[in-house]
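K.L.:
After the structure tokens below, expect a handful of questions from me.
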Amino acid sequence: MDNTPLSDALALRATASAFDAQRGKLPVPGDPHRSPDVVAVARQISELGKLVSDLGDEVLFRAADQEQAPHTARVITNFAAAVEPAGEAASALGAVAHQLAFLNQTESLRDQPDARDAREAAVRVMEEALATAGAALLDGANSLHAASATVSPPSARFQAARSRSATTARSPGSPPPNVATAVAAPSDRIARGR
């Protein structure tokens, strides 16, 4: 197993990207292209289960390696910590699937007052669960991105490109950006992501 800081940082970044991809697949109530669907939600729960399994494998392979590099304990810790937000997202999507099944079962009763109230409550529960899943996946991705930077900091060229892309266009009369704030911003994001 290649356990250089660069290879481990790349593995952390790839896993962070997997969290981001899962967040991008979350259903959006009211969006005709990403409306919640039981089959799609179940598929995503399965994908999150695979992500948890992959995280476990990352921990296992590094923990079982007889020749651990000095940074390996940090990498193991971060992969292990990412299991929690992945599991939280899967659990929240389980609640979404439950509510979608309820809505499907009560479709024919939608005009009855009691059923209407219960169906509205199910939609609220589903929206809250989707928000929980999104927040968990975002936290997991941010944590893994931050961890990758501590294992193998991005090159100066990459950091410069990232700071240019994060800078907003200034209006003609606005003062120049505060350099101290721009330098502090990435570390602030890292601290909030943990």
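Lettering and numbering for the structure tokens are positional, with chains as A, B, ... in the shown order, residues counted from 1 in each chain, and ligands counted from 1 in the shown order.
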Which neighbours of Phe102 in chain A fall inside 12 Å, counting only C-alpha atoms, when residues of the same chain fewer than 5 positions from it are skipped, and could you give them as a list in words?
P.N.:
Val38, Ala95, Val96, Ala97, Glu107, Ser108, Leu109, Arg110, Ala115, Arg116, Ala118, Arg119, Glu120, Ala121, Ala122, Val123, Val125 and Met126 of chain A
K.L.:
DSSP on the backbone: which residues in range 2-189 of chain A end up as alpha helix (DSSP H)? Give the answer as a ChimeraX atom specification.
P.N.:
/A:5-24,38-64,72-81,83-105,113-151,156-166,179-189
K.L.:
Under the rule that only C-alpha atoms are counted, which of A:Glu47, A:His145, A:Pro36, A:Phe79 is the nearest residue to Ala21 in chain A?
P.N.:
A:Glu47
K.L.:
What's the separation between CA of Gln68 in chain A and CA of Ala11 in chain A, in Å to one decimal place?
P.N.:
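One can read the CA of Gln68 in chain A to CA of Ala11 in chain A distance as 15.9 Å.
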K.L.:
Using only C-alpha atoms, which of the listed residues (A:Gly87, A:His71, A:Asp114, A:Asp65) sits closest to Ser7 in chain A?
P.N.:
A:His71
K.L.:
Looking at only C-alpha atoms, which of A:Thr4, A:Thr106, A:Ser148, A:Ser46 is the one that sits closest to Ser17 in chain A?
P.N.:
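Checking each candidate against Ser17 in chain A, we get A:Ser148 as the closest.
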